[in-house]
file model18.tsv (TSV, C-alpha atoms)
chain	number	residue	atom	x	y	z
A	1	MET	CA	0.00	0.00	0.00
A	2	SER	CA	1.36	3.40	-0.96
A	3	GLU	CA	2.21	5.96	1.69
A	4	ALA	CA	0.83	8.74	-0.53
A	5	ALA	CA	-1.63	11.16	0.96
A	6	LEU	CA	-5.20	9.89	1.10
A	7	THR	CA	-8.21	11.75	-0.20
A	8	ARG	CA	-10.80	12.85	2.34
A	9	LYS	CA	-13.25	10.15	1.20
A	10	GLN	CA	-10.60	7.43	1.46
A	11	THR	CA	-9.59	8.60	4.91
A	12	LEU	CA	-13.20	8.62	6.08
A	13	PHE	CA	-13.78	5.12	4.70
A	14	TYR	CA	-10.61	3.71	6.29
A	15	LEU	CA	-11.33	5.35	9.64
A	16	SER	CA	-14.92	4.09	9.65
A	17	PHE	CA	-13.80	0.56	8.83
A	18	LEU	CA	-11.07	0.60	11.48
A	19	ILE	CA	-13.28	1.98	14.24
A	20	LEU	CA	-16.06	-0.51	13.46
A	21	MET	CA	-13.80	-3.57	13.27
A	22	TRP	CA	-11.68	-2.73	16.33
A	23	GLY	CA	-14.81	-1.74	18.23
A	24	ILE	CA	-16.60	-5.05	17.76
A	25	ASN	CA	-13.33	-6.86	18.45
A	26	TRP	CA	-13.74	-6.39	22.22
A	27	PRO	CA	-17.08	-8.21	22.62
A	28	LEU	CA	-16.06	-10.83	20.02
A	29	SER	CA	-12.81	-11.54	21.87
A	30	LYS	CA	-14.57	-11.70	25.21
A	31	TYR	CA	-16.99	-14.23	23.72
A	32	ALA	CA	-14.16	-16.33	22.24
A	33	LEU	CA	-12.48	-16.64	25.65
A	34	GLU	CA	-15.37	-18.89	26.70
A	35	PHE	CA	-13.93	-21.54	24.34
A	36	THR	CA	-10.15	-21.10	24.62
A	37	PRO	CA	-7.26	-20.15	26.92
A	38	PRO	CA	-6.26	-16.48	26.42
A	39	LEU	CA	-2.68	-16.74	25.16
A	40	LEU	CA	-3.39	-19.48	22.63
A	41	PHE	CA	-6.33	-17.46	21.32
A	42	ALA	CA	-4.23	-14.28	21.07
A	43	GLY	CA	-1.53	-16.18	19.18
A	44	LEU	CA	-3.86	-18.18	16.93
A	45	ARG	CA	-5.94	-15.26	15.66
A	46	THR	CA	-2.82	-13.16	15.04
A	47	LEU	CA	-0.93	-15.98	13.33
A	48	ILE	CA	-3.80	-16.61	10.92
A	49	GLY	CA	-3.97	-12.90	10.12
A	50	GLY	CA	-0.23	-12.81	9.50
A	51	VAL	CA	-0.33	-15.79	7.12
A	52	LEU	CA	-3.13	-14.15	5.12
A	53	LEU	CA	-1.12	-10.93	4.79
A	54	ILE	CA	2.00	-12.84	3.73
A	55	ILE	CA	-0.02	-14.44	0.90
A	56	VAL	CA	-1.20	-10.97	-0.18
A	57	ALA	CA	2.36	-9.60	-0.02
A	58	LEU	CA	4.04	-12.44	-1.98
A	59	PRO	CA	3.72	-10.74	-5.40
A	60	ARG	CA	5.89	-7.96	-3.92
A	61	TRP	CA	8.50	-10.37	-2.55
A	62	ARG	CA	11.40	-8.35	-3.99
A	63	LYS	CA	10.53	-5.55	-1.57
A	64	LEU	CA	10.89	-7.81	1.48
A	65	ARG	CA	14.72	-7.44	1.61
A	66	LEU	CA	14.75	-9.60	4.73
A	67	ARG	CA	18.52	-9.50	5.23
A	68	GLU	CA	18.43	-5.70	5.57
A	69	THR	CA	15.06	-5.16	7.20
A	70	TRP	CA	14.56	-8.04	9.66
A	71	PRO	CA	15.43	-5.92	12.76
A	72	TYR	CA	12.60	-3.50	11.92
A	73	TYR	CA	10.11	-6.35	11.56
A	74	LEU	CA	11.24	-7.97	14.81
A	75	ILE	CA	11.12	-4.81	16.94
A	76	SER	CA	7.74	-3.72	15.56
A	77	ALA	CA	6.36	-7.25	16.06
A	78	PHE	CA	7.16	-7.19	19.77
A	79	LEU	CA	5.98	-3.62	20.36
A	80	SER	CA	2.77	-3.61	18.30
A	81	ILE	CA	1.72	-7.25	18.47
A	82	VAL	CA	3.36	-9.43	21.15
A	83	PHE	CA	3.37	-6.91	24.00
A	84	TYR	CA	0.14	-5.14	23.02
A	85	TYR	CA	-2.01	-8.26	22.57
A	86	GLY	CA	-0.18	-10.28	25.21
A	87	PHE	CA	-0.58	-7.69	27.99
A	88	GLN	CA	-4.16	-7.02	26.88
A	89	THR	CA	-5.33	-10.64	26.77
A	90	VAL	CA	-3.76	-11.57	30.10
A	91	GLY	CA	-4.80	-8.31	31.77
A	92	LEU	CA	-8.48	-8.87	30.99
A	93	GLN	CA	-8.35	-11.83	33.38
A	94	TYR	CA	-7.50	-9.55	36.33
A	95	MET	CA	-10.00	-6.70	36.12
A	96	PRO	CA	-13.28	-5.54	34.54
A	97	ALA	CA	-13.17	-4.93	30.79
A	98	GLY	CA	-14.52	-1.38	31.16
A	99	LEU	CA	-11.80	-0.21	33.50
A	100	PHE	CA	-9.12	-2.09	31.57
A	101	SER	CA	-10.12	-0.54	28.24
A	102	ALA	CA	-10.20	2.93	29.82
A	103	ILE	CA	-6.53	2.56	30.79
A	104	VAL	CA	-5.52	1.03	27.44
A	105	PHE	CA	-7.08	4.00	25.65
A	106	LEU	CA	-4.57	6.26	27.30
A	107	GLN	CA	-2.69	5.23	24.12
A	108	PRO	CA	-3.79	8.18	21.95
A	109	VAL	CA	-2.56	10.60	24.62
A	110	LEU	CA	0.80	8.80	24.78
A	111	LEU	CA	0.91	8.68	20.98
A	112	GLY	CA	0.32	12.42	20.79
A	113	LEU	CA	3.21	13.05	23.19
A	114	PHE	CA	5.58	10.61	21.49
A	115	ALA	CA	4.71	11.98	18.01
A	116	TRP	CA	5.58	15.46	19.29
A	117	MET	CA	8.83	14.26	20.88
A	118	TRP	CA	10.11	11.91	18.16
A	119	LEU	CA	8.20	12.62	14.95
A	120	GLY	CA	8.29	16.40	15.03
A	121	GLU	CA	4.51	16.77	15.00
A	122	ARG	CA	3.18	20.02	16.40
A	123	MET	CA	1.85	20.08	19.94
A	124	TYR	CA	-0.25	22.95	21.20
A	125	ALA	CA	-2.64	23.45	24.10
A	126	ARG	CA	-5.81	22.71	22.14
A	127	LYS	CA	-4.49	19.39	20.86
A	128	MET	CA	-3.33	18.28	24.30
A	129	ILE	CA	-6.65	19.31	25.88
A	130	GLY	CA	-8.43	17.36	23.14
A	131	LEU	CA	-6.37	14.21	23.78
A	132	LEU	CA	-7.00	14.43	27.51
A	133	LEU	CA	-10.74	14.96	26.89
A	134	GLY	CA	-10.80	11.79	24.81
A	135	PHE	CA	-9.20	9.77	27.58
A	136	ALA	CA	-11.60	11.34	30.08
A	137	GLY	CA	-14.51	10.32	27.85
A	138	VAL	CA	-13.38	6.69	27.82
A	139	ALA	CA	-12.90	6.80	31.58
A	140	VAL	CA	-16.38	8.26	32.16
A	141	MET	CA	-17.97	5.56	29.99
A	142	SER	CA	-16.12	2.90	31.95
A	143	ILE	CA	-17.00	4.10	35.46
A	144	GLY	CA	-19.33	1.13	35.86
A	145	GLY	CA	-16.33	-1.15	35.57
A	146	PHE	CA	-14.83	0.21	38.78
A	147	LYS	CA	-17.44	-1.72	40.77
A	148	GLY	CA	-15.86	-5.00	39.77
A	149	GLY	CA	-12.69	-4.46	41.77
A	150	ILE	CA	-9.30	-3.02	40.97
A	151	SER	CA	-6.22	-5.19	40.48
A	152	PHE	CA	-2.75	-3.67	40.70
A	153	ILE	CA	-1.43	-6.29	38.25
A	154	GLY	CA	-4.31	-5.53	35.89
A	155	ILE	CA	-3.56	-1.80	35.96
A	156	LEU	CA	0.12	-2.43	35.19
A	157	LEU	CA	-0.78	-4.72	32.28
A	158	ALA	CA	-3.23	-2.17	30.88
A	159	LEU	CA	-0.61	0.60	31.09
A	160	ALA	CA	1.96	-1.68	29.47
A	161	SER	CA	-0.48	-2.46	26.66
A	162	ALA	CA	-1.12	1.25	26.00
A	163	LEU	CA	2.59	2.08	26.14
A	164	SER	CA	3.62	-0.71	23.76
A	165	TRP	CA	0.92	0.26	21.24
A	166	ALA	CA	2.00	3.92	21.25
A	167	LEU	CA	5.71	3.09	20.99
A	168	GLY	CA	5.06	0.58	18.21
A	169	THR	CA	3.11	3.13	16.18
A	170	VAL	CA	5.81	5.79	16.51
A	171	TYR	CA	8.56	3.26	15.69
A	172	ILE	CA	6.80	2.16	12.50
A	173	LYS	CA	6.20	5.78	11.48
A	174	ARG	CA	9.91	6.54	11.94
A	175	GLN	CA	11.01	3.52	9.88
A	176	ALA	CA	8.39	3.93	7.14
A	177	ALA	CA	10.88	5.05	4.50
A	178	LYS	CA	13.14	2.02	5.08
A	179	VAL	CA	10.62	-0.78	4.59
A	180	ASP	CA	7.69	-1.65	2.37
A	181	SER	CA	4.49	-0.89	4.29
A	182	LEU	CA	2.70	-4.11	3.30
A	183	TRP	CA	5.65	-6.31	4.25
A	184	MET	CA	6.11	-4.41	7.51
A	185	THR	CA	2.50	-5.07	8.47
A	186	ALA	CA	2.54	-8.70	7.33
A	187	MET	CA	5.87	-9.64	8.91
A	188	GLN	CA	5.22	-8.03	12.29
A	189	ILE	CA	1.83	-9.77	12.58
A	190	LEU	CA	3.25	-13.13	11.45
A	191	ILE	CA	6.20	-12.90	13.86
A	192	GLY	CA	4.01	-11.65	16.70
A	193	GLY	CA	1.45	-14.40	16.15
A	194	GLY	CA	4.17	-17.04	16.01
A	195	VAL	CA	5.78	-15.86	19.24
A	196	MET	CA	2.48	-15.73	21.16
A	197	THR	CA	1.36	-19.12	19.81
A	198	ALA	CA	4.67	-20.73	20.77
A	199	TYR	CA	4.62	-19.23	24.26
A	200	GLY	CA	0.96	-20.07	24.75
A	201	SER	CA	1.69	-23.68	23.79
A	202	THR	CA	4.20	-23.94	26.66
A	203	VAL	CA	1.91	-22.58	29.39
A	204	GLU	CA	-1.54	-23.58	28.13
A	205	SER	CA	-3.03	-26.74	26.60
A	206	TRP	CA	-4.48	-27.02	23.10
A	207	SER	CA	-6.86	-29.65	24.45
A	208	GLU	CA	-8.65	-26.90	26.41
A	209	ILE	CA	-9.88	-25.30	23.17
A	210	ARG	CA	-13.46	-26.22	22.19
A	211	TRP	CA	-13.48	-26.16	18.39
A	212	THR	CA	-17.14	-25.25	17.94
A	213	GLY	CA	-18.55	-23.62	14.83
A	214	ALA	CA	-19.14	-20.39	16.74
A	215	PHE	CA	-15.54	-20.29	17.96
A	216	LEU	CA	-14.13	-20.99	14.47
A	217	PHE	CA	-16.29	-18.28	12.86
A	218	ASP	CA	-15.39	-15.79	15.63
A	219	THR	CA	-11.67	-16.52	15.30
A	220	LEU	CA	-11.63	-16.33	11.49
A	221	PHE	CA	-13.60	-13.08	11.48
A	222	ILE	CA	-11.17	-11.48	13.95
A	223	SER	CA	-8.16	-12.84	12.06
A	224	VAL	CA	-9.28	-11.46	8.69
A	225	PHE	CA	-11.08	-8.20	9.50
A	226	VAL	CA	-9.67	-7.12	12.88
A	227	ILE	CA	-6.07	-8.35	12.64
A	228	ALA	CA	-5.08	-8.50	8.95
A	229	LEU	CA	-7.20	-5.74	7.42
A	230	GLY	CA	-7.45	-3.69	10.62
A	231	TRP	CA	-3.71	-3.30	11.13
A	232	LEU	CA	-3.15	-2.77	7.40
A	233	VAL	CA	-5.62	0.12	7.42
A	234	TYR	CA	-4.26	1.54	10.70
A	235	PHE	CA	-0.69	1.76	9.40
A	236	LYS	CA	-1.92	3.11	6.07
A	237	LEU	CA	-3.59	5.96	7.96
A	238	ILE	CA	-0.57	6.52	10.21
A	239	GLY	CA	1.72	6.61	7.18
A	240	SER	CA	-0.36	9.19	5.34
A	241	GLY	CA	-1.14	11.67	8.12
A	242	GLU	CA	-0.28	12.91	11.59
A	243	ALA	CA	-0.08	10.00	14.02
A	244	SER	CA	-1.63	11.98	16.87
A	245	LYS	CA	-4.68	12.96	14.79
A	246	VAL	CA	-5.27	9.40	13.62
A	247	GLY	CA	-4.80	8.25	17.21
A	248	SER	CA	-7.50	10.65	18.40
A	249	PHE	CA	-10.12	8.78	16.37
A	250	THR	CA	-9.33	5.54	18.19
A	251	PHE	CA	-11.18	7.02	21.16
A	252	LEU	CA	-14.32	6.06	19.19
A	253	ILE	CA	-13.45	2.36	19.39
A	254	PRO	CA	-14.81	1.82	22.92
A	255	VAL	CA	-17.92	3.76	21.88
A	256	VAL	CA	-18.61	1.17	19.18
A	257	SER	CA	-17.82	-1.61	21.65
A	258	ILE	CA	-20.30	-0.26	24.19
A	259	VAL	CA	-23.03	0.36	21.59
A	260	CYS	CA	-22.66	-3.24	20.39
A	261	SER	CA	-22.93	-4.44	23.97
A	262	VAL	CA	-26.11	-2.38	24.46
A	263	LEU	CA	-27.67	-3.70	21.24
A	264	PHE	CA	-26.63	-7.34	21.38
A	265	LEU	CA	-25.72	-8.11	25.00
A	266	ASN	CA	-28.64	-6.25	26.62
A	267	GLU	CA	-26.43	-3.84	28.55
A	268	ARG	CA	-28.00	-0.54	29.65
A	269	LEU	CA	-27.34	2.85	28.05
A	270	THR	CA	-26.52	5.13	30.99
A	271	LEU	CA	-25.81	8.81	31.50
A	272	ASN	CA	-22.13	7.89	31.93
A	273	LEU	CA	-22.07	6.48	28.41
A	274	LEU	CA	-23.75	9.53	26.90
A	275	ALA	CA	-21.44	11.93	28.76
A	276	GLY	CA	-18.39	9.93	27.71
A	277	MET	CA	-19.45	9.95	24.07
A	278	ALA	CA	-19.90	13.73	24.18
A	279	LEU	CA	-16.38	14.17	25.58
A	280	ILE	CA	-14.94	11.93	22.87
A	281	VAL	CA	-16.66	13.91	20.09
A	282	ALA	CA	-15.29	17.14	21.60
A	283	SER	CA	-11.84	15.53	21.78
A	284	ILE	CA	-11.78	14.61	18.10
A	285	LEU	CA	-12.99	18.07	17.06
A	286	LEU	CA	-10.26	19.77	19.12
A	287	VAL	CA	-7.41	17.54	17.95
A	288	ASN	CA	-8.35	17.72	14.27
A	289	ALA	CA	-9.31	21.42	14.09
A	290	LYS	CA	-6.91	23.39	11.92
A	291	GLN	CA	-4.53	25.65	13.79
A	292	ARG	CA	-5.15	29.29	12.88
A	293	ARG	CA	-2.22	30.89	11.10
A	294	LEU	CA	-1.13	34.15	12.69
A	295	PRO	CA	-0.66	37.26	10.51
A	296	ASP	CA	2.95	38.41	10.21
A	297	ASN	CA	2.34	41.46	12.42
A	298	GLU	CA	1.04	39.21	15.25
A	299	LYS	CA	3.98	36.84	14.80
A	300	LYS	CA	6.40	39.74	15.26
A	301	VAL	CA	4.76	40.55	18.58
A	302	LEU	CA	4.64	36.95	19.84
A	303	PHE	CA	7.95	35.72	18.37
A	304	PRO	CA	10.18	38.81	17.86
A	305	GLN	CA	13.36	36.71	17.94
A	306	GLN	CA	12.39	35.06	14.63
A	307	PHE	CA	12.23	38.37	12.71

call {"tool": "encode", "arguments": {"input": "model18.tsv", "output": "structure tokens"}}
result
Amino acid sequence: MSEAALTRKQTLFYLSFLILMWGINWPLSKYALEFTPPLLFAGLRTLIGGVLLIIVALPRWRKLRLRETWPYYLISAFLSIVFYYGFQTVGLQYMPAGLFSAIVFLQPVLLGLFAWMWLGERMYARKMIGLLLGFAGVAVMSIGGFKGGISFIGILLALASALSWALGTVYIKRQAAKVDSLWMTAMQILIGGGVMTAYGSTVESWSEIRWTGAFLFDTLFISVFVIALGWLVYFKLIGSGEASKVGSFTFLIPVVSIVCSVLFLNERLTLNLLAGMALIVASILLVNAKQRRLPDNEKKVLFPQQF
């Protein structure tokens, strides 16, 4: 996939697809854990997604350049896949999903900071306030999860998941010119899935998996649409725009997750959810609003040393 700038319609389509797929991933994954141990499931779904992407990338095999690029694939695999999914899947066993997801979605705030520090993206008060509002919105929506008990280990795993996701995104953005984007996505998912499957096989038993039709459909859907296509679209968006702005839209993912839970799992729509959604909308508007350009006479007053 080219790193060229996307049109507004393409960006809207990709964002809508990503938010929908990653939003329904949470309830689908929670459902799948009724049939399988967590680490084997995390590895299996990711490994299948990686194999599918490798098949898609094979016609561009000359761009793989494995001897030169393997360190980039390995580092990104651990940051974006192994650590992110591993910490997330294990952490969900220690604390309520609402509270856990609220902490994980500190990621866009971290991504905004890291993009400012290491990618040279602009950071100004409105953008930072917007990022913090988005995190606050997720937290408000997840207040109900606090009743289920707080685990120190769970909090650490959620923070580690958010940190690894943000670092992985910034790392891939920095290395974008050195690797082919399709091979980067395919290789990191394949490596990550292989590592998690191998580790899961040592600490969990394959015999514990119940290979029902529902589990197989759930796993294949996540592998194709959430893992393979989802990550491909995410890195396409990151490669064609500001990482912090793309990251701000991921605040909508828990909104989709909660709406799906209300519609299909008979969960209640509360004032907390409505307030959280309002904060998230405000967050996205603030982060993505264009910064007003100052006239030269105002610049001379504010920044006289530059004139």

call {"tool": "residues_around", "arguments": {"input": "model18.tsv", "residues": "stretch 189-197 of chain A", "least_positions_apart": "4", "cutoff": "7 Å", "atoms": "all atoms listed in the file", "output": "PDB file with C-alpha atoms, in the frame of the given file"}}
result
ATOM      1  CA  LEU A  39      -2.680 -16.740  25.160  1.00  0.00           C
ATOM      2  CA  LEU A  40      -3.390 -19.480  22.630  1.00  0.00           C
ATOM      3  CA  ALA A  42      -4.230 -14.280  21.070  1.00  0.00           C
ATOM      4  CA  GLY A  43      -1.530 -16.180  19.180  1.00  0.00           C
ATOM      5  CA  LEU A  44      -3.860 -18.180  16.930  1.00  0.00           C
ATOM      6  CA  THR A  46      -2.820 -13.160  15.040  1.00  0.00           C
ATOM      7  CA  LEU A  47      -0.930 -15.980  13.330  1.00  0.00           C
ATOM      8  CA  GLY A  50      -0.230 -12.810   9.500  1.00  0.00           C
ATOM      9  CA  VAL A  51      -0.330 -15.790   7.120  1.00  0.00           C
ATOM     10  CA  ALA A  77       6.360  -7.250  16.060  1.00  0.00           C
ATOM     11  CA  PHE A  78       7.160  -7.190  19.770  1.00  0.00           C
ATOM     12  CA  ILE A  81       1.720  -7.250  18.470  1.00  0.00           C
ATOM     13  CA  VAL A  82       3.360  -9.430  21.150  1.00  0.00           C
ATOM     14  CA  THR A 185       2.500  -5.070   8.470  1.00  0.00           C
ATOM     15  CA  SER A 201       1.690 -23.680  23.790  1.00  0.00           C
TER      16      SER A 201
END

call {"tool": "closest_residue", "arguments": {"input": "model18.tsv", "among": "A:Leu229, A:Leu286, A:Ala166, A:Leu182", "to": "A:Ala115", "atoms": "all atoms listed in the file"}}
result
A:Ala166

call {"tool": "closest_residue", "arguments": {"input": "model18.tsv", "among": "A:Val287, A:Ile222, A:Leu15, A:Val179", "to": "A:Pro71", "atoms": "all atoms listed in the file"}}
result
A:Val179

call {"tool": "closest_residue", "arguments": {"input": "model18.tsv", "among": "A:Gly130, A:Pro254, A:Gly120, A:Pro38", "to": "A:Leu279", "atoms": "all atoms listed in the file"}}
result
A:Gly130

call {"tool": "atom_distance", "arguments": {"input": "model18.tsv", "atom1": "atom CA of A:Leu53", "atom2": "atom CA of A:Val233"}}
result
12.2 Å

call {"tool": "atom_distance", "arguments": {"input": "model18.tsv", "atom1": "atom CA of A:Phe83", "atom2": "atom CA of A:Ile55"}}
result
24.5 Å

call {"tool": "residues_around", "arguments": {"input": "model18.tsv", "residues": "A:Ser181", "least_positions_apart": "6", "cutoff": "12 Å", "atoms": "only C-alpha atoms", "output": "list of chain:residue names"}}
result
A:Met1, A:Ser2, A:Glu3, A:Ala4, A:Leu53, A:Ala57, A:Arg60, A:Lys63, A:Leu64, A:Thr69, A:Tyr72, A:Tyr73, A:Ile172, A:Lys173, A:Arg174, A:Gln175, A:Met187, A:Gln188, A:Trp231, A:Leu232, A:Val233, A:Tyr234, A:Phe235, A:Lys236, A:Leu237, A:Ile238, A:Gly239, A:Ser240

call {"tool": "closest_residue", "arguments": {"input": "model18.tsv", "among": "A:Gly276, A:Gly230, A:Gly168, A:Gly154", "to": "A:Tyr94", "atoms": "only C-alpha atoms"}}
result
A:Gly154

call {"tool": "closest_residue", "arguments": {"input": "model18.tsv", "among": "A:Ile284, A:Leu58, A:Glu68, A:Ser151", "to": "A:Val246", "atoms": "only C-alpha atoms"}}
result
A:Ile284

call {"tool": "atom_distance", "arguments": {"input": "model18.tsv", "atom1": "atom CA of A:Phe105", "atom2": "atom CA of A:Phe135"}}
result
6.4 Å

call {"tool": "closest_residue", "arguments": {"input": "model18.tsv", "among": "A:Leu66, A:Ala136, A:Leu252, A:Val224", "to": "A:Asp180", "atoms": "only C-alpha atoms"}}
result
A:Leu66

call {"tool": "residues_near_point", "arguments": {"input": "model18.tsv", "point": "(-9.0, -3.0, 22.5)", "cutoff": "9 Å", "atoms": "only C-alpha atoms", "output": "VMD selection string"}}
result
chain A and resid 22 to 23 25 to 26 85 88 101 104 to 105 253 to 254 257

call {"tool": "residues_near_point", "arguments": {"input": "model18.tsv", "point": "(-13.7, 18.3, 17.5)", "cutoff": "12 Å", "atoms": "all atoms listed in the file", "output": "list in words"}}
result
Arg126, Lys127, Ile129, Gly130, Leu131, Leu133, Gly134, Lys245, Ser248, Phe249, Ala278, Leu279, Ile280, Val281, Ala282, Ser283, Ile284, Leu285, Leu286, Val287, Asn288, Ala289 and Lys290 of chain A
